[in-house]
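**Student:** Got a file for you: target_38.cif, mmCIF, C-alpha atoms (C1' of nucleotides).
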```cif
data_data
loop_
_atom_site.label_atom_id
_atom_site.label_comp_id
_atom_site.auth_asym_id
_atom_site.auth_seq_id
_atom_site.Cartn_x
_atom_site.Cartn_y
_atom_site.Cartn_z
CA MET A 1 15.64 20.67 34.78
CA GLY A 2 12.34 22.39 34.97
CA TYR A 3 13.56 23.50 38.36
CA VAL A 4 13.59 22.98 42.04
CA HIS A 5 12.31 20.76 44.59
CA ASN A 6 9.30 21.70 46.48
CA ASP A 7 7.30 23.85 44.11
CA PRO A 8 3.55 23.62 44.25
CA VAL A 9 2.50 21.23 41.52
CA ASP A 10 1.16 23.98 39.31
CA LEU A 11 4.48 25.69 38.96
CA ARG A 12 6.69 22.80 37.93
CA THR A 13 7.71 22.58 34.32
CA TRP A 14 9.49 19.95 32.24
CA SER A 15 11.87 19.92 29.34
CA ILE A 16 11.08 17.85 26.29
CA ALA A 17 13.77 15.35 27.28
CA GLU A 18 12.32 14.93 30.76
CA LEU A 19 8.89 14.19 29.41
CA ALA A 20 10.35 11.80 26.85
CA ALA A 21 12.22 9.93 29.56
CA GLU A 22 9.26 9.79 31.91
CA TYR A 23 6.85 8.42 29.32
CA ASP A 24 9.45 6.49 27.34
CA VAL A 25 8.84 8.10 23.98
CA THR A 26 11.26 9.93 21.69
CA LEU A 27 11.62 13.66 21.29
CA ARG A 28 10.51 13.22 17.72
CA THR A 29 7.26 11.72 18.90
CA ILE A 30 6.51 14.60 21.25
CA ARG A 31 7.29 17.17 18.59
CA PHE A 32 5.14 15.26 16.16
CA TYR A 33 2.18 15.44 18.52
CA GLU A 34 2.71 19.17 18.73
CA ASP A 35 2.77 19.34 14.96
CA ARG A 36 -0.59 17.65 14.92
CA GLY A 37 -1.93 20.16 17.38
CA LEU A 38 -2.17 17.77 20.32
CA LEU A 39 0.32 19.66 22.45
CA THR A 40 1.02 23.38 22.72
CA PRO A 41 3.91 23.88 25.10
CA GLU A 42 5.13 27.31 26.08
CA ARG A 43 8.12 28.66 24.20
CA ARG A 44 10.92 30.32 26.06
CA GLY A 45 12.78 31.77 23.15
CA THR A 46 12.95 28.80 20.88
CA VAL A 47 12.86 26.17 23.59
CA ARG A 48 9.78 24.19 24.55
CA VAL A 49 8.63 24.31 28.15
CA TYR A 50 5.97 21.86 29.31
CA HIS A 51 3.53 22.73 32.06
CA PRO A 52 1.48 20.26 34.12
CA ARG A 53 -1.38 20.67 31.67
CA ASP A 54 0.87 19.59 28.80
CA LYS A 55 2.15 16.66 30.76
CA VAL A 56 -1.35 15.47 31.54
CA ARG A 57 -2.29 15.76 27.90
CA LEU A 58 0.68 13.70 26.84
CA GLY A 59 -0.40 11.04 29.28
CA LEU A 60 -3.89 11.05 27.81
CA ILE A 61 -2.52 10.85 24.29
CA LEU A 62 -0.39 7.82 25.10
CA ARG A 63 -3.24 6.09 26.84
CA GLY A 64 -5.35 6.72 23.78
CA LYS A 65 -2.65 5.13 21.68
CA ARG A 66 -2.51 2.06 23.87
CA LEU A 67 -6.22 1.79 23.28
CA GLY A 68 -5.66 1.82 19.54
CA PHE A 69 -7.21 5.18 18.77
CA SER A 70 -5.82 7.24 15.92
CA LEU A 71 -4.27 10.59 16.71
CA ASP A 72 -7.26 12.31 15.16
CA GLN A 73 -9.64 10.47 17.44
CA ILE A 74 -7.38 11.15 20.37
CA ALA A 75 -7.40 14.83 19.52
CA THR A 76 -11.18 15.00 19.83
CA ILE A 77 -11.13 13.00 23.05
CA VAL A 78 -8.40 15.01 24.70
CA ASP A 79 -9.98 18.28 23.68
CA MET A 80 -13.16 17.24 25.42
CA TYR A 81 -11.33 17.33 28.72
CA ASP A 82 -10.54 21.00 28.67
CA ALA A 83 -13.48 22.18 26.63
CA GLU A 84 -14.97 25.36 28.04
CA PRO A 85 -18.71 25.35 28.71
CA GLY A 86 -19.59 26.96 25.38
CA GLU A 87 -23.02 27.15 23.84
CA GLU A 88 -25.75 24.57 23.74
CA GLY A 89 -24.87 23.16 20.31
CA GLN A 90 -21.33 22.53 21.46
CA LEU A 91 -22.48 20.77 24.59
CA VAL A 92 -24.88 18.54 22.72
CA TYR A 93 -22.16 17.67 20.26
CA LEU A 94 -19.81 16.86 23.09
CA LEU A 95 -22.34 14.62 24.77
CA ASP A 96 -22.85 12.83 21.50
CA GLN A 97 -19.13 12.28 21.09
CA ILE A 98 -18.90 10.98 24.62
CA GLY A 99 -21.61 8.48 23.85
CA ARG A 100 -19.77 7.25 20.79
CA ARG A 101 -16.46 6.88 22.54
CA ARG A 102 -18.10 5.06 25.38
CA ALA A 103 -19.71 2.63 22.97
CA GLU A 104 -16.36 1.98 21.32
CA LEU A 105 -14.63 1.46 24.61
CA GLU A 106 -17.26 -0.91 25.85
CA GLN A 107 -16.96 -2.94 22.66
CA ARG A 108 -13.24 -3.08 23.24
CA ARG A 109 -13.66 -4.29 26.74
CA ARG A 110 -15.87 -7.09 25.52
CA ASP A 111 -13.21 -7.95 22.95
CA ILE A 112 -10.60 -8.03 25.66
CA ASP A 113 -12.65 -10.25 27.92
CA GLU A 114 -13.34 -12.70 25.14
CA THR A 115 -9.70 -12.79 24.20
CA LEU A 116 -8.61 -13.33 27.78
CA LEU A 117 -11.00 -16.23 28.10
CA GLU A 118 -9.68 -17.82 24.95
CA LEU A 119 -6.09 -17.27 25.96
CA ALA A 120 -6.83 -19.03 29.22
CA GLU A 121 -8.21 -21.95 27.25
CA VAL A 122 -5.16 -22.14 25.01
CA GLU A 123 -2.97 -21.94 28.09
CA ARG A 124 -4.82 -24.82 29.69
CA ARG A 125 -4.29 -26.98 26.62
CA CYS A 126 -0.65 -25.98 26.53
CA GLN A 127 -0.03 -26.95 30.11
CA ALA A 128 -1.79 -30.25 29.62
CA ASP A 129 0.42 -31.03 26.61
CA LEU A 130 3.46 -30.10 28.63
CA GLN A 131 2.43 -32.47 31.41
CA ASP A 132 2.02 -35.28 28.93
CA LEU A 133 5.46 -34.65 27.50
CA GLN A 134 7.09 -34.69 30.89
CA ARG A 135 5.46 -37.93 31.89
CA ALA A 136 6.76 -39.62 28.77
CA MET B 1 -23.05 -18.88 -2.47
CA GLY B 2 -20.95 -21.41 -0.67
CA TYR B 3 -23.95 -23.62 -1.12
CA VAL B 4 -27.07 -24.98 0.34
CA HIS B 5 -29.10 -24.68 3.35
CA ASN B 6 -28.74 -27.21 6.00
CA ASP B 7 -25.17 -28.39 5.75
CA PRO B 8 -23.40 -29.38 8.91
CA VAL B 9 -21.36 -26.40 10.01
CA ASP B 10 -18.09 -27.98 9.00
CA LEU B 11 -19.03 -28.26 5.38
CA ARG B 12 -20.21 -24.76 4.66
CA THR B 13 -17.91 -22.52 2.69
CA TRP B 14 -17.93 -18.83 1.81
CA SER B 15 -16.85 -16.70 -1.10
CA ILE B 16 -14.63 -13.74 -0.51
CA ALA B 17 -17.55 -11.39 -1.11
CA GLU B 18 -19.70 -13.16 1.45
CA LEU B 19 -17.05 -12.88 4.11
CA ALA B 20 -16.47 -9.25 3.19
CA ALA B 21 -20.17 -8.49 3.55
CA GLU B 22 -20.54 -10.36 6.80
CA TYR B 23 -17.61 -8.66 8.50
CA ASP B 24 -17.96 -5.36 6.67
CA VAL B 25 -14.50 -5.22 5.19
CA THR B 26 -13.38 -4.92 1.58
CA LEU B 27 -12.16 -7.69 -0.66
CA ARG B 28 -8.85 -5.88 -0.82
CA THR B 29 -8.51 -6.17 2.94
CA ILE B 30 -9.15 -9.89 2.96
CA ARG B 31 -6.68 -10.49 0.18
CA PHE B 32 -4.18 -8.33 1.98
CA TYR B 33 -4.45 -10.48 5.09
CA GLU B 34 -3.81 -13.50 2.93
CA ASP B 35 -0.78 -11.80 1.49
CA ARG B 36 0.50 -11.33 5.00
CA GLY B 37 -0.01 -14.99 5.69
CA LEU B 38 -2.92 -14.53 8.07
CA LEU B 39 -5.38 -16.42 5.90
CA THR B 40 -4.87 -19.41 3.65
CA PRO B 41 -8.16 -20.19 1.91
CA GLU B 42 -8.57 -23.13 -0.37
CA ARG B 43 -8.26 -22.52 -4.09
CA ARG B 44 -10.73 -24.02 -6.47
CA GLY B 45 -8.95 -23.29 -9.69
CA THR B 46 -8.11 -19.67 -9.18
CA VAL B 47 -11.00 -18.84 -6.89
CA ARG B 48 -10.70 -18.51 -3.13
CA VAL B 49 -12.95 -20.70 -1.02
CA TYR B 50 -13.21 -20.00 2.69
CA HIS B 51 -13.87 -22.75 5.20
CA PRO B 52 -15.15 -22.29 8.74
CA ARG B 53 -11.57 -22.26 9.98
CA ASP B 54 -10.78 -19.32 7.71
CA LYS B 55 -13.87 -17.50 8.77
CA VAL B 56 -13.02 -17.89 12.43
CA ARG B 57 -9.52 -16.63 11.77
CA LEU B 58 -10.84 -13.56 10.02
CA GLY B 59 -13.00 -12.88 13.03
CA LEU B 60 -10.00 -13.16 15.31
CA ILE B 61 -7.97 -10.88 13.09
CA LEU B 62 -10.61 -8.18 13.13
CA ARG B 63 -11.03 -8.42 16.86
CA GLY B 64 -7.29 -8.06 17.20
CA LYS B 65 -7.48 -4.95 15.07
CA ARG B 66 -10.20 -3.44 17.23
CA LEU B 67 -7.86 -4.01 20.14
CA GLY B 68 -5.14 -2.04 18.38
CA PHE B 69 -2.74 -4.90 17.76
CA SER B 70 -0.55 -4.81 14.67
CA LEU B 71 -1.02 -7.47 12.03
CA ASP B 72 2.26 -9.01 13.08
CA GLN B 73 1.13 -9.33 16.67
CA ILE B 74 -2.20 -10.64 15.50
CA ALA B 75 -0.43 -13.26 13.44
CA THR B 76 1.34 -14.66 16.49
CA ILE B 77 -1.84 -14.57 18.53
CA VAL B 78 -4.00 -16.24 15.92
CA ASP B 79 -1.40 -18.87 15.25
CA MET B 80 -1.47 -19.80 18.90
CA TYR B 81 -5.03 -20.95 18.51
CA ASP B 82 -4.34 -23.71 16.05
CA ALA B 83 -0.83 -24.54 17.13
CA GLU B 84 -0.24 -28.27 17.24
CA PRO B 85 1.17 -29.71 20.45
CA GLY B 86 4.77 -29.67 19.24
CA GLU B 87 7.85 -30.04 21.39
CA GLU B 88 8.57 -28.70 24.82
CA GLY B 89 10.45 -25.59 23.67
CA GLN B 90 7.49 -24.60 21.51
CA LEU B 91 5.07 -25.04 24.36
CA VAL B 92 7.16 -23.01 26.76
CA TYR B 93 7.46 -20.27 24.17
CA LEU B 94 3.73 -20.31 23.64
CA LEU B 95 3.04 -20.05 27.35
CA ASP B 96 5.41 -17.12 27.53
CA GLN B 97 3.63 -15.38 24.66
CA ILE B 98 0.30 -15.97 26.33
CA GLY B 99 1.61 -14.33 29.46
CA ARG B 100 2.75 -11.28 27.54
CA ARG B 101 -0.50 -10.87 25.67
CA ARG B 102 -2.44 -11.24 28.86
CA ALA B 103 -0.38 -8.53 30.51
CA GLU B 104 -0.97 -6.22 27.56
CA LEU B 105 -4.67 -6.90 27.56
CA GLU B 106 -5.00 -6.32 31.26
CA GLN B 107 -3.18 -3.00 30.92
CA ARG B 108 -5.60 -2.09 28.19
CA ARG B 109 -8.55 -2.92 30.32
CA ARG B 110 -7.24 -0.66 33.05
CA ASP B 111 -6.81 2.08 30.44
CA ILE B 112 -10.37 1.59 29.31
CA ASP B 113 -11.78 1.70 32.79
CA GLU B 114 -9.90 4.88 33.60
CA THR B 115 -11.06 6.47 30.40
CA LEU B 116 -14.64 5.48 31.01
CA LEU B 117 -14.54 7.01 34.46
CA GLU B 118 -13.16 10.24 33.11
CA LEU B 119 -15.65 10.33 30.28
CA ALA B 120 -18.41 9.97 32.85
CA GLU B 121 -16.97 12.91 34.71
CA VAL B 122 -16.82 15.08 31.60
CA GLU B 123 -20.36 14.04 30.78
CA ARG B 124 -21.55 15.06 34.21
CA ARG B 125 -20.00 18.52 33.81
CA CYS B 126 -21.53 18.79 30.37
CA GLN B 127 -25.01 18.00 31.55
CA ALA B 128 -24.68 20.42 34.42
CA ASP B 129 -23.64 23.19 32.04
CA LEU B 130 -26.56 22.32 29.80
CA GLN B 131 -28.96 22.57 32.72
CA ASP B 132 -27.59 25.98 33.61
CA LEU B 133 -28.04 27.19 30.07
CA GLN B 134 -31.62 26.02 29.92
CA ARG B 135 -32.55 27.71 33.18
CA ALA B 136 -31.22 31.01 31.89
"C1'" DC C 1 -23.81 -14.76 -28.91
"C1'" DG C 2 -23.44 -10.71 -26.09
"C1'" DA C 3 -23.96 -8.47 -21.67
"C1'" DG C 4 -23.57 -8.80 -16.92
"C1'" DT C 5 -21.77 -10.35 -12.62
"C1'" DG C 6 -18.12 -11.62 -9.74
"C1'" DA C 7 -13.78 -13.28 -9.45
"C1'" DT C 8 -8.47 -12.83 -10.27
"C1'" DT C 9 -3.61 -10.52 -10.33
"C1'" DG C 10 -0.67 -6.66 -10.64
"C1'" DA C 11 0.71 -2.08 -9.68
"C1'" DC C 12 0.65 2.44 -8.12
"C1'" DG C 13 -1.02 5.75 -4.54
"C1'" DC C 14 -2.07 7.49 -0.03
"C1'" DT C 15 -2.28 8.32 5.04
"C1'" DT C 16 -0.55 7.60 9.64
"C1'" DA C 17 3.05 7.77 12.84
"C1'" DC C 18 6.90 8.22 13.44
"C1'" DG C 19 12.74 7.23 12.41
"C1'" DT C 20 16.77 9.26 10.99
"C1'" DA C 21 20.08 12.25 9.58
"C1'" DA C 22 21.86 17.04 8.62
"C1'" DA C 23 22.83 21.43 9.98
"C1'" DC C 24 22.53 24.75 13.25
"C1'" DG C 25 21.98 27.53 18.10
"C1'" DT C 26 23.06 28.15 23.07
"C1'" DA C 27 24.85 27.67 27.49
"C1'" DA C 28 27.52 25.60 31.09
"C1'" DA C 29 31.88 23.02 32.18
"C1'" DG C 30 36.60 21.82 31.85
"C1'" DC D 1 38.05 28.60 23.94
"C1'" DT D 2 36.52 24.35 22.74
"C1'" DT D 3 33.99 20.48 24.03
"C1'" DT D 4 29.71 18.53 25.64
"C1'" DA D 5 24.93 18.43 26.45
"C1'" DC D 6 20.70 19.69 25.04
"C1'" DG D 7 17.83 21.95 22.18
"C1'" DT D 8 16.00 23.59 17.40
"C1'" DT D 9 14.10 23.18 12.27
"C1'" DT D 10 13.95 21.00 7.73
"C1'" DA D 11 13.45 17.23 5.15
"C1'" DC D 12 13.62 12.82 3.29
"C1'" DG D 13 12.61 7.76 4.42
"C1'" DT D 14 9.74 3.92 5.84
"C1'" DA D 15 6.39 0.33 7.44
"C1'" DA D 16 1.59 -0.68 7.92
"C1'" DG D 17 -2.80 -0.99 6.00
"C1'" DC D 18 -5.33 -0.61 2.90
"C1'" DG D 19 -7.86 2.29 -1.68
"C1'" DT D 20 -8.16 2.40 -6.39
"C1'" DC D 21 -7.62 1.51 -10.96
"C1'" DA D 22 -6.68 -1.63 -15.05
"C1'" DA D 23 -6.65 -5.72 -17.51
"C1'" DT D 24 -8.23 -10.24 -17.68
"C1'" DC D 25 -10.90 -14.54 -17.00
"C1'" DA D 26 -15.13 -17.60 -16.06
"C1'" DC D 27 -20.02 -18.29 -15.69
"C1'" DT D 28 -24.67 -17.48 -16.38
"C1'" DC D 29 -28.82 -15.38 -18.21
"C1'" DG D 30 -31.72 -13.89 -21.85
#
```
Kindly transcribe the structure held in the file into structure tokens.
**Tutor:**
Amino acid sequence: MGYVHNDPVDLRTWSIAELAAEYDVTLRTIRFYEDRGLLTPERRGTVRVYHPRDKVRLGLILRGKRLGFSLDQIATIVDMYDAEPGEEGQLVYLLDQIGRRRAELEQRRRDIDETLLELAEVERRCQADLQDLQRA
Amino acid sequence: MGYVHNDPVDLRTWSIAELAAEYDVTLRTIRFYEDRGLLTPERRGTVRVYHPRDKVRLGLILRGKRLGFSLDQIATIVDMYDAEPGEEGQLVYLLDQIGRRRAELEQRRRDIDETLLELAEVERRCQADLQDLQRA
DNA sequence: CGAGTGATTGACGCTTACGTAAACGTAAAG
DNA sequence: CTTTACGTTTACGTAAGCGTCAATCACTCG
């Protein structure tokens, strides 16, 4: 275990297996994300040690996946979170990226709402058919 | 062209190129979906002719893709739309599927809302930093 | 008739996102 | 000391989702 019981949040660490269990992914997956530069855990000797920052990032990555983003897109999103202030060009670029992502997400939400409406309609039809069957 | 001008909606047809242009996908993509059983256009000789039903299905497929569903998942979803009444087992199965999809979609919407909130936060920081730079 | 234009079917290639061994290291427990 | 648990790298495999030819056919326009 990453250790102990009552550590302040910032001191806790996790093993790769602990993270895998908590987020229900395989070790392979976590290592793959590292390979792609999405995670950079500490190394103690050869062993990977994950800090709260790494854990948060993994959470963000998986949420991005649920949303259907590619790992490349996720990389740019996740990196936005801990970007340092930087120079003006950087900031403008970041703001631009944020705008794009927001537009994508809002489109997705519309897609979801439409789909939910249609599912409800299909469900209604289904239940009606079921009623008819059971009366017969 | 699929023909004419003022046909009742149900009579219009489209060529593969027209559909590709309208939805901004390649011919290859459309044929691939057919290969996977997601589309079944009419054949006039060797040529594919798309009816309104096919066009609608393509729209559903692409929306499914935007939502990050796999083609397999999309197939089951899309097929729900034109499922015939069928027997009780079928209907129960369908209702179950609907429930699952709905749960997935609602999770996704939560993901989106969280992400949007966080993006707004990052944006706020960004704009603040930009302000600071421009005062200096 | 010849040149385009737009369609068709293969067939091979490529990227993404991992799965799945194989072969090895290390450290605590029985 | 050997087993067991947990970790490591290297590397090949695979499924999904198309891109990209190549070869061929059908129709129309000048």
**Student:** Any idea what's packed within 12 Å of segment 71-80 of chain B, counting all atoms listed in the file, ignoring anything in its chain fewer than 4 positions away? Could you give it as a PDB file with C-alpha atoms (C1' of nucleotides), in the coordinates of the input?
**Tutor:**
```
ATOM      1  CA  THR A 115      -9.700 -12.790  24.200  1.00  0.00           C
ATOM      2  CA  LEU A 116      -8.610 -13.330  27.780  1.00  0.00           C
ATOM      3  CA  GLU A 118      -9.680 -17.820  24.950  1.00  0.00           C
ATOM      4  CA  LEU A 119      -6.090 -17.270  25.960  1.00  0.00           C
ATOM      5  CA  ALA A 120      -6.830 -19.030  29.220  1.00  0.00           C
ATOM      6  CA  GLU A 121      -8.210 -21.950  27.250  1.00  0.00           C
ATOM      7  CA  VAL A 122      -5.160 -22.140  25.010  1.00  0.00           C
ATOM      8  CA  GLU A 123      -2.970 -21.940  28.090  1.00  0.00           C
ATOM      9  CA  ARG A 125      -4.290 -26.980  26.620  1.00  0.00           C
ATOM     10  CA  CYS A 126      -0.650 -25.980  26.530  1.00  0.00           C
TER      11      CYS A 126
ATOM     12  CA  THR B  29      -8.510  -6.170   2.940  1.00  0.00           C
ATOM     13  CA  PHE B  32      -4.180  -8.330   1.980  1.00  0.00           C
ATOM     14  CA  TYR B  33      -4.450 -10.480   5.090  1.00  0.00           C
ATOM     15  CA  GLU B  34      -3.810 -13.500   2.930  1.00  0.00           C
ATOM     16  CA  ASP B  35      -0.780 -11.800   1.490  1.00  0.00           C
ATOM     17  CA  ARG B  36       0.500 -11.330   5.000  1.00  0.00           C
ATOM     18  CA  GLY B  37      -0.010 -14.990   5.690  1.00  0.00           C
ATOM     19  CA  LEU B  38      -2.920 -14.530   8.070  1.00  0.00           C
ATOM     20  CA  LEU B  39      -5.380 -16.420   5.900  1.00  0.00           C
ATOM     21  CA  ARG B  53     -11.570 -22.260   9.980  1.00  0.00           C
ATOM     22  CA  ASP B  54     -10.780 -19.320   7.710  1.00  0.00           C
ATOM     23  CA  VAL B  56     -13.020 -17.890  12.430  1.00  0.00           C
ATOM     24  CA  ARG B  57      -9.520 -16.630  11.770  1.00  0.00           C
ATOM     25  CA  LEU B  58     -10.840 -13.560  10.020  1.00  0.00           C
ATOM     26  CA  GLY B  59     -13.000 -12.880  13.030  1.00  0.00           C
ATOM     27  CA  LEU B  60     -10.000 -13.160  15.310  1.00  0.00           C
ATOM     28  CA  ILE B  61      -7.970 -10.880  13.090  1.00  0.00           C
ATOM     29  CA  LEU B  62     -10.610  -8.180  13.130  1.00  0.00           C
ATOM     30  CA  ARG B  63     -11.030  -8.420  16.860  1.00  0.00           C
ATOM     31  CA  GLY B  64      -7.290  -8.060  17.200  1.00  0.00           C
ATOM     32  CA  LYS B  65      -7.480  -4.950  15.070  1.00  0.00           C
ATOM     33  CA  ARG B  66     -10.200  -3.440  17.230  1.00  0.00           C
ATOM     34  CA  LEU B  67      -7.860  -4.010  20.140  1.00  0.00           C
ATOM     35  CA  GLU B  84      -0.240 -28.270  17.240  1.00  0.00           C
ATOM     36  CA  PRO B  85       1.170 -29.710  20.450  1.00  0.00           C
ATOM     37  CA  GLY B  86       4.770 -29.670  19.240  1.00  0.00           C
ATOM     38  CA  GLN B  90       7.490 -24.600  21.510  1.00  0.00           C
ATOM     39  CA  LEU B  91       5.070 -25.040  24.360  1.00  0.00           C
ATOM     40  CA  TYR B  93       7.460 -20.270  24.170  1.00  0.00           C
ATOM     41  CA  LEU B  94       3.730 -20.310  23.640  1.00  0.00           C
ATOM     42  CA  LEU B  95       3.040 -20.050  27.350  1.00  0.00           C
ATOM     43  CA  ASP B  96       5.410 -17.120  27.530  1.00  0.00           C
ATOM     44  CA  GLN B  97       3.630 -15.380  24.660  1.00  0.00           C
ATOM     45  CA  ILE B  98       0.300 -15.970  26.330  1.00  0.00           C
ATOM     46  CA  GLY B  99       1.610 -14.330  29.460  1.00  0.00           C
ATOM     47  CA  ARG B 100       2.750 -11.280  27.540  1.00  0.00           C
ATOM     48  CA  ARG B 101      -0.500 -10.870  25.670  1.00  0.00           C
ATOM     49  CA  ARG B 102      -2.440 -11.240  28.860  1.00  0.00           C
ATOM     50  CA  GLU B 104      -0.970  -6.220  27.560  1.00  0.00           C
TER      51      GLU B 104
ATOM     52  C1'  DA D  15       6.390   0.330   7.440  1.00  0.00           C
ATOM     53  C1'  DA D  16       1.590  -0.680   7.920  1.00  0.00           C
ATOM     54  C1'  DG D  17      -2.800  -0.990   6.000  1.00  0.00           C
TER      55       DG D  17
END
```
**Student:** Each residue of chain D lying at most 9 Å from chain A should get a row with its shortest atom-to-atom pair and the distance in Å to one decimal, counting only C-alpha atoms (C1' of nucleotides); could you produce that, ordered by chain and increasing number, as CSV?
**Tutor:**
```
residue,atom,partner,partner_atom,distance
D:DC6,C1',A:Ala17,CA,8.5
D:DG7,C1',A:Val47,CA,6.7
D:DT8,C1',A:Thr46,CA,7.0
```
**Student:** Have a look at atom CA of Arg109 of chain A and atom CA of Ile112 of chain B and let me know their distance in Å, one decimal.
**Tutor:**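 Rounded to one decimal, the two atoms are 7.2 Å apart.
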**Student:** Atom C1' of DG19 of chain C to atom CA of Thr26 of chain A: how many Å, to one decimal?
**Tutor:**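 Calculated distance between atom C1' of DG19 of chain C and atom CA of Thr26 of chain A is 9.8 Å.
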**Student:** Run the PyMOL selection byres ((chain D and resi 21) around 9) against the file shown and list the residues it catches, as a list in words.
**Tutor:** DC12 of chain C; DT20 and DA22 of chain D
**Student:** Determine the residue membership of the PyMOL selection byres ((chain C) within 9 of (chain A)) for the file above and supply it as a list in words.
**Tutor:**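 That expression, the PyMOL selection byres ((chain C) within 9 of (chain A)), corresponds here to DT16, DA17, DC18 and DG19 of chain C.
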**Student:** Please identify all polymer residues within 12 Å of DC12 of chain D, counting all atoms listed in the file, omitting same-chain residues fewer than 5 positions from it, and present them as a VMD selection string.
**Tutor:** chain C and resid 19 to 22
**Student:** The PyMOL selection byres ((chain C and resi 6) around 12) on the file shown: which residues, as an NGL selection string?
**Tutor:** (:B and (1 or 15-18 or 27 or 47)) or (:C and (4-5 or 7-8)) or (:D and (25-28))
**Student:** Can you work out the spacing between atom CA of Val92 of chain B and atom CA of Thr40 of chain B in Å, to one decimal?
**Tutor:** 26.3 Å
**Student:** Select, from A:Glu106, A:Gln134, A:Gly68, A:Glu87, the residue with the minimum atom-to-atom distance to chain B, counting all atoms listed in the file.
**Tutor:**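 Of A:Glu106, A:Gln134, A:Gly68, A:Glu87, the one nearest chain B is A:Gly68, counting all atoms listed in the file.
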**Student:** Between A:His51, A:Arg12, A:Arg31, A:Arg124, which one has atoms that come closest to chain B, using all atoms listed in the file?
**Tutor:**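 Closest candidate: A:Arg124.
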